[in-house]
Structure formats: C-alpha cells, structure tokens
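**Student:** Next up is a structure, given as structure tokens.
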Amino acid sequence: MSALSKPVNPSYPADDPPAGAAPQCSAAPREKPVASILAEVCDGLPLSRSLAYRLIRATDFELPPLLEAAAKVRTQFKSGVVTYSRKVFLPLTNLCRDYCGYCTFRRDPGDPGAHTMTPEEVLAVASAGERLGCTEALFSLGDKPELAFPEMRAWLKRLGYKSTLHYLEAMCELVLRKTRLLPHANPGVLSRVWVKRLATYCPSLGLMLETTSTALLRPGAAHDRAPDKIPSRRIATLQAAGEEGTPFTTGLLIGIGDTLEDRVDALLAIRELHRRYGHIQEVIIQNFRAKPTIPMRHHAEPSRGEMLRTIAVARLLLREMNLQAPPNLSAPDYEALLSAGINDWGGISPLTPDFINPEAPWPHLAELERRTACAGFRLKQRLPIYPQFLPAFKNRAGFLAERVLAAADEEGYARRAA
C-alpha cells in the first residue's frame with residue numbers, strides 16, 4: 001500500500017469517492033469540502049467533531065492539503081524545534097492482570113521472560129543511563145499484578161511492600177535520590193491519591209487513553225480480558241492528574257479495532273480534559289504493530305496514510321499541544337511523520353530497547369538528528385517534563401523541584417547535551 005493510499009476501514013461510507021478523485025461537495029457538514037474546512041481551521045476557528053470526522057476520512061486527493069494545514073497550525077504554536085527525551089527504559093515488572101490482544105510485554109508468573117526488577121537492577125540500569133547522558137528514567141509496568149497473582153503478592157511482601165504501586169513509589173525515589181535521572185512512570189490506572197503520591201518523585205506521569213470505544217471490550221476484541229482498559233477508568237485517571245495539576249502524557253493506540261470516528265472521539269476527550277485542567281503535556285499517536293506471538297498477530301496494521309491522517313487531525317484539534325509519534329514504529333521513513341504536524345519523537349535510549357515493541361529498535365540519535373534537520377527542524381533534548389510546564393516547579397519547594405530545575409537549561413530543555 002502506498003504512502004497516500006486510503007486505508008480500508010468500515011467507517012468509510014460506501015459512496016466515498018475513489019482514490020485520486022476530486023472531492024465531492026455537499027451541503028451537509030459531513031460532506032463539507034476539505035479545502036473549506038481547512039481554510040476555517042487555519043484562520044483560527046475550532047474544529048468540530050463532525051468536521052473532524054470528515055477530515056480523518058480525507059481521500060488521497062485531499063491528503064496533501066490536510067498535511068499542509070496541519071503543518072501550518074504547528075508553525076503557529078511551535079518553534080522550529082522537534083524534541084526527544086534521552087532515557088533508560090525500566091520494565092519494573094511485566095506481570096500484569098490485563099490480557100490485551102496486542103501486547104507482547106505482559107507475562108504470567110512462570111512464563112518465559114517473566115521478571116520483576118530488584119532495587120539493585122533498577123539502580124544499575126539507571127546509573128548506566130546516567131553515564132550515557134540520559135535524563136529520564138521511564139518506568140513501565142503491568143497494571144496491579146498482585147490482584148491476580150499470589151506470586152507477586154508474596155514477592156512484594158518479602159521486600160516489605162503492600163502493592164506494586166508502593167514498590168514503584170520506592171523505586172522512583174531511589175532513582176531520584178541516587179542518580180541525576182528524573183523518573184517518569186506509566187503505572188496504569190491510578191486514583192487521585194496515587195497520582196499525588198507518585199508526583200512527589202516524578203515530575204510527570206503517563207497513561208495511554210488508547211481509545212474511548214467500549215466496543216473493544218466485547219468478547220474477542222482487543223480489550224475483552226483487560227479490566228483496566230475500560231475507557232471511563234482511564235479517563236478518570238487523566239482527570240485525577242488534572243485535579244492534582246500533574247503534567248501528564250497520554251495518547252491513542254490506533255489500529256486495534258477502533259474506527260476513524262473513535263480516534264476523533266478519543267482526541268476530543270483528551271482536548272476537553274486539557275481545556276479544563278491544562279495538564280496534558282503530550283499526546284502520542286501510536287500505531288499497532290502485529291507480532292507473531294500475540295492474539296492479534298493476523299490483524300492488519302494501520303497504513304502510513306492512516307497514521308498521517310490521524311496525526312494531522314490531532315494537530316488541527318489539539319493545536320498548541322505537544323504531539324508525538326514513535327519513530328521506531330514507522331521505520332524506515334519515519335521523518336514523513338513530521339509533515340503531519342508532530343513536534344516530538346518521544347523517548348530514545350542509547351542503552352535499553354523498547355520493551356513494549358522489542359522488534360523495533362530506536363533510531364540512532366545521529367540519524368534522527370540528520371533526518372529531522374533535512375525536514376527543516378532542529379532536534380533538541382528535553383526532560384521528561386516539557387519546557388512549558390517547568391515554571392510551576394519554580395514555585396515549589398522540595399527535592400524534586402530542585403532536581404528538575406537543576407536539570408533544565410535557560411530554555412527549559414535538558415541541560416546536558418546529547
């Protein structure tokens with residue numbers, strides 16, 4: 001399938017014009033000409049749900065002006081800088097009570113590769129990353145495995161912890177105090193109490209919303225055995241972070257059975273939360289990748305055209321917000337994602353692999369910088385927290401605020417050059 005080919009998706013109407021055909025005009029908002037919609041958006045008018053539905057169904061003929069408009073909106077709000085975070089990936093535990101149809105990370109106790117990192121392992125990896133110029137310690141872990149597995153409960157009890165979240169809290173403090181890395185944790189669904197506790201040691205937290213579609217909870221769908229993927233529970237976590245004023249990373253996972261309209265709905269939910277609280281520091285558009293060991297191994301991956309359309313519509317809806325797409329999941333021509341309006345590449349590690357997508361290596365930083373420059377941007381290393389969220393730490397007391405401010409340069413990027 002070519003870069004501009006239209007993805008096959010049941011959300012396309014049967015009479016959608018064929019690829020390459022001129023767009024048809026209609027008085028109905030759903031069929032409003034793309035050129036007219038884009039002109040209004042570039043003039044500053046907000047993009048409605050129905051018009052976003054129309055744009056995400058853009059034909060091949062309509063895709064270039066859609067990308068052009070998204071790039072124009074990015075330019076209105078962002079400088080010519082594209083950022084990344086130099087990190088170590090700490091898979092604290094891959095035990096998880098959820099069974100998502102697309103996941104290669106999770107394990108049951110006794111499975112090959114099942115592992116929970118000890119404090120010594122955590123500190124050894126973090127220290128090695130510090131020596132390589134990393135500034136972020138990314139903690140990823142399964143969601144509340146002790147609720148499903150007595151083996152995890154026993155392991156935690158031996159170390160003196162009540163839950164996986166208590167252990168994570170301690171490991172974030174360990175890394176913060178023993179290294180110069182700043183922790184960023186993706187622990188799954190959280191209560192407001194736990195957002196506040198983890199934010200004591202993490203300048204930012206994260207949870208992928210993935211989708212707002214409850215259809216994916218049906219038997220045989222991607223989330224049918226994943227109680228922590230109920231959309232309302234994940235939205236409640238994002239809201240709790242907003243109520244606490246905690247900088248938060250979230251995003252979409254596309255191609256897991258969601259429709260094009262589902263993607264718009266998820267973006268609008270994120271936009272509404274950010275409008276209320278102003279705390280969403282980054283929105284990730286991540287594409288599903290099929291792997292031979294997962295239940296969804298025969299499921300079609302999103303095409304490049306789907307990625308470009310989704311990113312472009314995200315930029316037009318979210319406007320000034322930071323937008324990321326992982327380069328290793330769109331190799332080899334990942335720089336094309338810049339044309340759709342992203343301004344961040346996410347975390348790149350010189351030490352640890354992407355444990356969520358181990359088959360997709362990170363790009364070498366020199367190559368990432370070269371391709372970013374060829375597209376007309378400067379690559380800059382950021383902290384796990386974005387520059388625009390740093391001023392809040394200037395008014396805070398405590399060790400975390402001291403460490404965050406010490407790690408940032410005068411513009412709010414990482415002080416230590418890559």
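Residues in the structure tokens are numbered from 1 in each chain, the chains being A, B, ... in the order shown, and ligands are numbered from 1 in the order shown.
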What residues in range 274-410 of chain A get the DSSP label strand (DSSP E)? Please answer as a list of chain:residue names.

**Tutor:** A:Ile280, A:Gln281, A:Glu282, A:Val283, A:Ile284, A:Ile285, A:Gln286, A:Asn287, A:Leu323, A:Gln324, A:Asp344, A:Trp345, A:Gly346, A:Gly347, A:Ile348, A:Arg378, A:Leu379, A:Lys380, A:Gln381, A:Arg382

**Student:** Mind listing the alpha helix (DSSP H) residues of range 276-307 of chain A, per DSSP on the backbone, as a VMD selection string?

**Tutor:** chain A and resid 276 to 277 304 to 307

**Student:** Compare A:Thr237, A:Ser349, A:Ser339, A:Thr259 by their minimum atom-to-atom distance to Val88 in chain A, counting only C-alpha atoms, and give me the closest one.

**Tutor:** A:Ser349

**Student:** Just the number, please: distance in Å from CA of Gly110 in chain A to CA of Arg225 in chain A, one decimal.

**Tutor:**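 Atom-to-atom, CA of Gly110 in chain A and CA of Arg225 in chain A are spaced 19.6 Å apart.
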
**Student:** From the list A:Val283, A:Ala137, A:Leu273, A:Ala126, which residue is nearest Pro384 in chain A when using only C-alpha atoms?

**Tutor:**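 Residue with the minimum atom-to-atom distance to Pro384 in chain A: A:Ala137.
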
**Student:** For Gly188 in chain A, which of A:Leu168, A:Ile385, A:Ile280, A:Leu132 is the closest residue, counting only C-alpha atoms?

**Tutor:**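 The answer is A:Leu168, which sits nearest to Gly188 in chain A.
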
**Student:** Using only C-alpha atoms, what does the table of range 151-186 of chain A residues within 12 Å of range 194-206 of chain A look like, with each row giving the shortest atom pair and its distance in Å to one decimal, sorted by chain and ascending number, as CSV?

**Tutor:**
residue,atom,partner,partner_atom,distance
A:Ser163,CA,A:Trp194,CA,11.7
A:Thr164,CA,A:Trp194,CA,11.6
A:Leu165,CA,A:Trp194,CA,8.0
A:His166,CA,A:Leu198,CA,9.2
A:Tyr167,CA,A:Leu198,CA,10.8
A:Leu168,CA,A:Leu198,CA,8.3
A:Glu169,CA,A:Leu198,CA,5.9
A:Ala170,CA,A:Tyr201,CA,9.0
A:Met171,CA,A:Tyr201,CA,9.4
A:Cys172,CA,A:Tyr201,CA,6.0
A:Glu173,CA,A:Tyr201,CA,5.6
A:Leu174,CA,A:Tyr201,CA,9.1
A:Val175,CA,A:Tyr201,CA,9.0
A:Leu176,CA,A:Tyr201,CA,6.8
A:Arg177,CA,A:Tyr201,CA,9.3
A:Leu181,CA,A:Cys202,CA,10.3
A:Leu182,CA,A:Cys202,CA,6.8
A:Pro183,CA,A:Cys202,CA,5.0
A:His184,CA,A:Cys202,CA,5.5
A:Ala185,CA,A:Leu205,CA,5.2
A:Asn186,CA,A:Gly206,CA,4.8

**Student:** Restricting it to N, CA and C atoms, dump the selection as a PDB file, in the first residue's frame.

**Tutor:**
ATOM      1  N   SER A 163       1.963  -3.235  47.826  1.00  0.00           N
ATOM      2  CA  SER A 163       1.428  -3.323  46.470  1.00  0.00           C
ATOM      3  C   SER A 163       2.511  -2.964  45.469  1.00  0.00           C
ATOM      4  N   THR A 164       2.219  -3.216  44.206  1.00  0.00           N
ATOM      5  CA  THR A 164       3.145  -2.830  43.144  1.00  0.00           C
ATOM      6  C   THR A 164       3.343  -1.323  43.116  1.00  0.00           C
ATOM      7  N   LEU A 165       2.282  -0.565  43.376  1.00  0.00           N
ATOM      8  CA  LEU A 165       2.406   0.892  43.371  1.00  0.00           C
ATOM      9  C   LEU A 165       3.305   1.374  44.511  1.00  0.00           C
ATOM     10  N   HIS A 166       3.228   0.725  45.680  1.00  0.00           N
ATOM     11  CA  HIS A 166       4.143   1.090  46.760  1.00  0.00           C
ATOM     12  C   HIS A 166       5.594   0.816  46.359  1.00  0.00           C
ATOM     13  N   TYR A 167       5.810  -0.291  45.673  1.00  0.00           N
ATOM     14  CA  TYR A 167       7.164  -0.619  45.223  1.00  0.00           C
ATOM     15  C   TYR A 167       7.636   0.377  44.165  1.00  0.00           C
ATOM     16  N   LEU A 168       6.770   0.705  43.216  1.00  0.00           N
ATOM     17  CA  LEU A 168       7.114   1.703  42.208  1.00  0.00           C
ATOM     18  C   LEU A 168       7.481   3.029  42.854  1.00  0.00           C
ATOM     19  N   GLU A 169       6.699   3.452  43.818  1.00  0.00           N
ATOM     20  CA  GLU A 169       6.977   4.712  44.518  1.00  0.00           C
ATOM     21  C   GLU A 169       8.384   4.701  45.109  1.00  0.00           C
ATOM     22  N   ALA A 170       8.741   3.595  45.735  1.00  0.00           N
ATOM     23  CA  ALA A 170      10.065   3.496  46.340  1.00  0.00           C
ATOM     24  C   ALA A 170      11.172   3.513  45.296  1.00  0.00           C
ATOM     25  N   MET A 171      10.944   2.871  44.150  1.00  0.00           N
ATOM     26  CA  MET A 171      11.971   2.832  43.108  1.00  0.00           C
ATOM     27  C   MET A 171      12.116   4.199  42.433  1.00  0.00           C
ATOM     28  N   CYS A 172      11.036   4.932  42.283  1.00  0.00           N
ATOM     29  CA  CYS A 172      11.142   6.286  41.744  1.00  0.00           C
ATOM     30  C   CYS A 172      11.960   7.167  42.683  1.00  0.00           C
ATOM     31  N   GLU A 173      11.724   7.033  43.986  1.00  0.00           N
ATOM     32  CA  GLU A 173      12.510   7.801  44.951  1.00  0.00           C
ATOM     33  C   GLU A 173      13.973   7.389  44.906  1.00  0.00           C
ATOM     34  N   LEU A 174      14.228   6.085  44.775  1.00  0.00           N
ATOM     35  CA  LEU A 174      15.601   5.596  44.712  1.00  0.00           C
ATOM     36  C   LEU A 174      16.363   6.219  43.544  1.00  0.00           C
ATOM     37  N   VAL A 175      15.751   6.198  42.362  1.00  0.00           N
ATOM     38  CA  VAL A 175      16.399   6.755  41.172  1.00  0.00           C
ATOM     39  C   VAL A 175      16.594   8.258  41.319  1.00  0.00           C
ATOM     40  N   LEU A 176      15.596   8.935  41.858  1.00  0.00           N
ATOM     41  CA  LEU A 176      15.689  10.391  42.012  1.00  0.00           C
ATOM     42  C   LEU A 176      16.821  10.780  42.955  1.00  0.00           C
ATOM     43  N   ARG A 177      16.999  10.013  44.020  1.00  0.00           N
ATOM     44  CA  ARG A 177      17.992  10.386  45.030  1.00  0.00           C
ATOM     45  C   ARG A 177      19.399   9.878  44.711  1.00  0.00           C
ATOM     46  N   LEU A 181      18.903  11.234  37.064  1.00  0.00           N
ATOM     47  CA  LEU A 181      17.756  10.997  36.186  1.00  0.00           C
ATOM     48  C   LEU A 181      16.467  11.435  36.866  1.00  0.00           C
ATOM     49  N   LEU A 182      15.504  11.856  36.041  1.00  0.00           N
ATOM     50  CA  LEU A 182      14.185  12.219  36.534  1.00  0.00           C
ATOM     51  C   LEU A 182      13.211  11.096  36.171  1.00  0.00           C
ATOM     52  N   PRO A 183      12.486  10.522  37.145  1.00  0.00           N
ATOM     53  CA  PRO A 183      11.569   9.427  36.851  1.00  0.00           C
ATOM     54  C   PRO A 183      10.304   9.915  36.135  1.00  0.00           C
ATOM     55  N   HIS A 184       9.856   9.094  35.199  1.00  0.00           N
ATOM     56  CA  HIS A 184       8.530   9.250  34.578  1.00  0.00           C
ATOM     57  C   HIS A 184       7.889   7.875  34.632  1.00  0.00           C
ATOM     58  N   ALA A 185       6.715   7.764  35.247  1.00  0.00           N
ATOM     59  CA  ALA A 185       6.098   6.460  35.481  1.00  0.00           C
ATOM     60  C   ALA A 185       4.820   6.301  34.680  1.00  0.00           C
ATOM     61  N   ASN A 186       4.673   5.100  34.099  1.00  0.00           N
ATOM     62  CA  ASN A 186       3.440   4.694  33.403  1.00  0.00           C
ATOM     63  C   ASN A 186       2.865   3.469  34.112  1.00  0.00           C
TER      64      ASN A 186
END

**Student:** Can you tell me how far CA of Leu138 in chain A sits from CA of Thr75 in chain A, in Å to one decimal?

**Tutor:**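 Value for the CA of Leu138 in chain A-CA of Thr75 in chain A distance: 29.2 Å.
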
**Student:** Would you mind telling me which residue in A:Ser79, A:Thr212, A:Thr93, A:Asn357 lies nearest to Gly376 in chain A when using only C-alpha atoms?

**Tutor:**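 Result for the nearest residue to Gly376 in chain A: A:Ser79.
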
**Student:** So which one's closest to Arg106 in chain A, A:Gly133, A:Thr293, A:Gly255, A:Arg86? Using only C-alpha atoms, please.

**Tutor:**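 Closest to Arg106 in chain A, using only C-alpha atoms: A:Thr293.
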
**Student:** Using only C-alpha atoms, determine which residues lie at most 7 Å from Ile311 in chain A, disregarding the query and same-chain residues fewer than 4 positions distant; provide the list as number ranges by chain.

**Tutor:** A: 285, 307, 315, 340-341

**Student:** Which is closer to Leu238 in chain A than all the others in A:Pro112, A:Gly129, A:Gly251, A:Pro387, using only C-alpha atoms?

**Tutor:** A:Gly251

**Student:** CA of Cys100 in chain A and CA of His223 in chain A are how many Å apart?

**Tutor:**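 Interatomic distance here is 5.3 Å.
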
**Student:** Do a neighbour search on Phe77 in chain A at 12 Å with only C-alpha atoms, toss out local chain neighbours closer than 4 positions, and write the hits as a PyMOL selection string.

**Tutor:** chain A and resi 42+44+70-73+81+315-316+318-323+341-343

**Student:** Keeping N, CA and C atoms, export the residues of the selection given above as a PDB file, in the first residue's frame.

**Tutor:**
ATOM      1  N   CYS A  42      -7.364  27.020   9.732  1.00  0.00           N
ATOM      2  CA  CYS A  42      -6.139  27.823   9.684  1.00  0.00           C
ATOM      3  C   CYS A  42      -6.388  29.267  10.051  1.00  0.00           C
ATOM      4  N   GLY A  44      -8.233  30.008  12.509  1.00  0.00           N
ATOM      5  CA  GLY A  44      -8.407  30.015  13.957  1.00  0.00           C
ATOM      6  C   GLY A  44      -9.725  29.495  14.457  1.00  0.00           C
ATOM      7  N   ALA A  70      -2.070  21.089   8.690  1.00  0.00           N
ATOM      8  CA  ALA A  70      -1.569  20.661   9.990  1.00  0.00           C
ATOM      9  C   ALA A  70      -0.190  21.250  10.259  1.00  0.00           C
ATOM     10  N   ALA A  71       0.667  21.257   9.246  1.00  0.00           N
ATOM     11  CA  ALA A  71       1.997  21.847   9.403  1.00  0.00           C
ATOM     12  C   ALA A  71       1.899  23.346   9.676  1.00  0.00           C
ATOM     13  N   LYS A  72       0.953  23.994   9.042  1.00  0.00           N
ATOM     14  CA  LYS A  72       0.771  25.436   9.256  1.00  0.00           C
ATOM     15  C   LYS A  72       0.337  25.722  10.693  1.00  0.00           C
ATOM     16  N   VAL A  73      -0.565  24.911  11.213  1.00  0.00           N
ATOM     17  CA  VAL A  73      -1.022  25.106  12.585  1.00  0.00           C
ATOM     18  C   VAL A  73       0.118  24.845  13.566  1.00  0.00           C
ATOM     19  N   VAL A  81      11.668  23.654  16.437  1.00  0.00           N
ATOM     20  CA  VAL A  81      12.342  22.637  17.227  1.00  0.00           C
ATOM     21  C   VAL A  81      11.485  21.381  17.302  1.00  0.00           C
ATOM     22  N   ARG A 315      -3.361  17.295  15.219  1.00  0.00           N
ATOM     23  CA  ARG A 315      -2.773  18.635  15.279  1.00  0.00           C
ATOM     24  C   ARG A 315      -3.845  19.708  15.116  1.00  0.00           C
ATOM     25  N   LEU A 316      -4.785  19.510  14.212  1.00  0.00           N
ATOM     26  CA  LEU A 316      -5.818  20.520  13.990  1.00  0.00           C
ATOM     27  C   LEU A 316      -6.779  20.615  15.174  1.00  0.00           C
ATOM     28  N   LEU A 318      -5.932  19.631  18.453  1.00  0.00           N
ATOM     29  CA  LEU A 318      -5.207  19.938  19.691  1.00  0.00           C
ATOM     30  C   LEU A 318      -4.402  21.228  19.612  1.00  0.00           C
ATOM     31  N   ARG A 319      -4.096  21.660  18.400  1.00  0.00           N
ATOM     32  CA  ARG A 319      -3.462  22.923  18.098  1.00  0.00           C
ATOM     33  C   ARG A 319      -2.140  23.117  18.846  1.00  0.00           C
ATOM     34  N   GLU A 320      -2.124  23.789  19.986  1.00  0.00           N
ATOM     35  CA  GLU A 320      -0.860  24.157  20.638  1.00  0.00           C
ATOM     36  C   GLU A 320      -0.240  23.027  21.441  1.00  0.00           C
ATOM     37  N   MET A 321      -0.923  21.912  21.603  1.00  0.00           N
ATOM     38  CA  MET A 321      -0.424  20.830  22.454  1.00  0.00           C
ATOM     39  C   MET A 321       0.728  20.084  21.774  1.00  0.00           C
ATOM     40  N   ASN A 322       1.555  19.441  22.581  1.00  0.00           N
ATOM     41  CA  ASN A 322       2.685  18.675  22.062  1.00  0.00           C
ATOM     42  C   ASN A 322       2.203  17.339  21.515  1.00  0.00           C
ATOM     43  N   LEU A 323       2.668  17.013  20.311  1.00  0.00           N
ATOM     44  CA  LEU A 323       2.183  15.843  19.594  1.00  0.00           C
ATOM     45  C   LEU A 323       3.375  14.976  19.207  1.00  0.00           C
ATOM     46  N   GLY A 341       2.549  17.073  11.389  1.00  0.00           N
ATOM     47  CA  GLY A 341       2.390  18.032  12.476  1.00  0.00           C
ATOM     48  C   GLY A 341       2.928  17.643  13.824  1.00  0.00           C
ATOM     49  N   ILE A 342       3.682  16.542  13.941  1.00  0.00           N
ATOM     50  CA  ILE A 342       4.252  16.229  15.246  1.00  0.00           C
ATOM     51  C   ILE A 342       5.364  17.226  15.580  1.00  0.00           C
ATOM     52  N   ASN A 343       5.677  17.350  16.864  1.00  0.00           N
ATOM     53  CA  ASN A 343       6.814  18.177  17.285  1.00  0.00           C
ATOM     54  C   ASN A 343       7.680  17.468  18.313  1.00  0.00           C
TER      55      ASN A 343
END
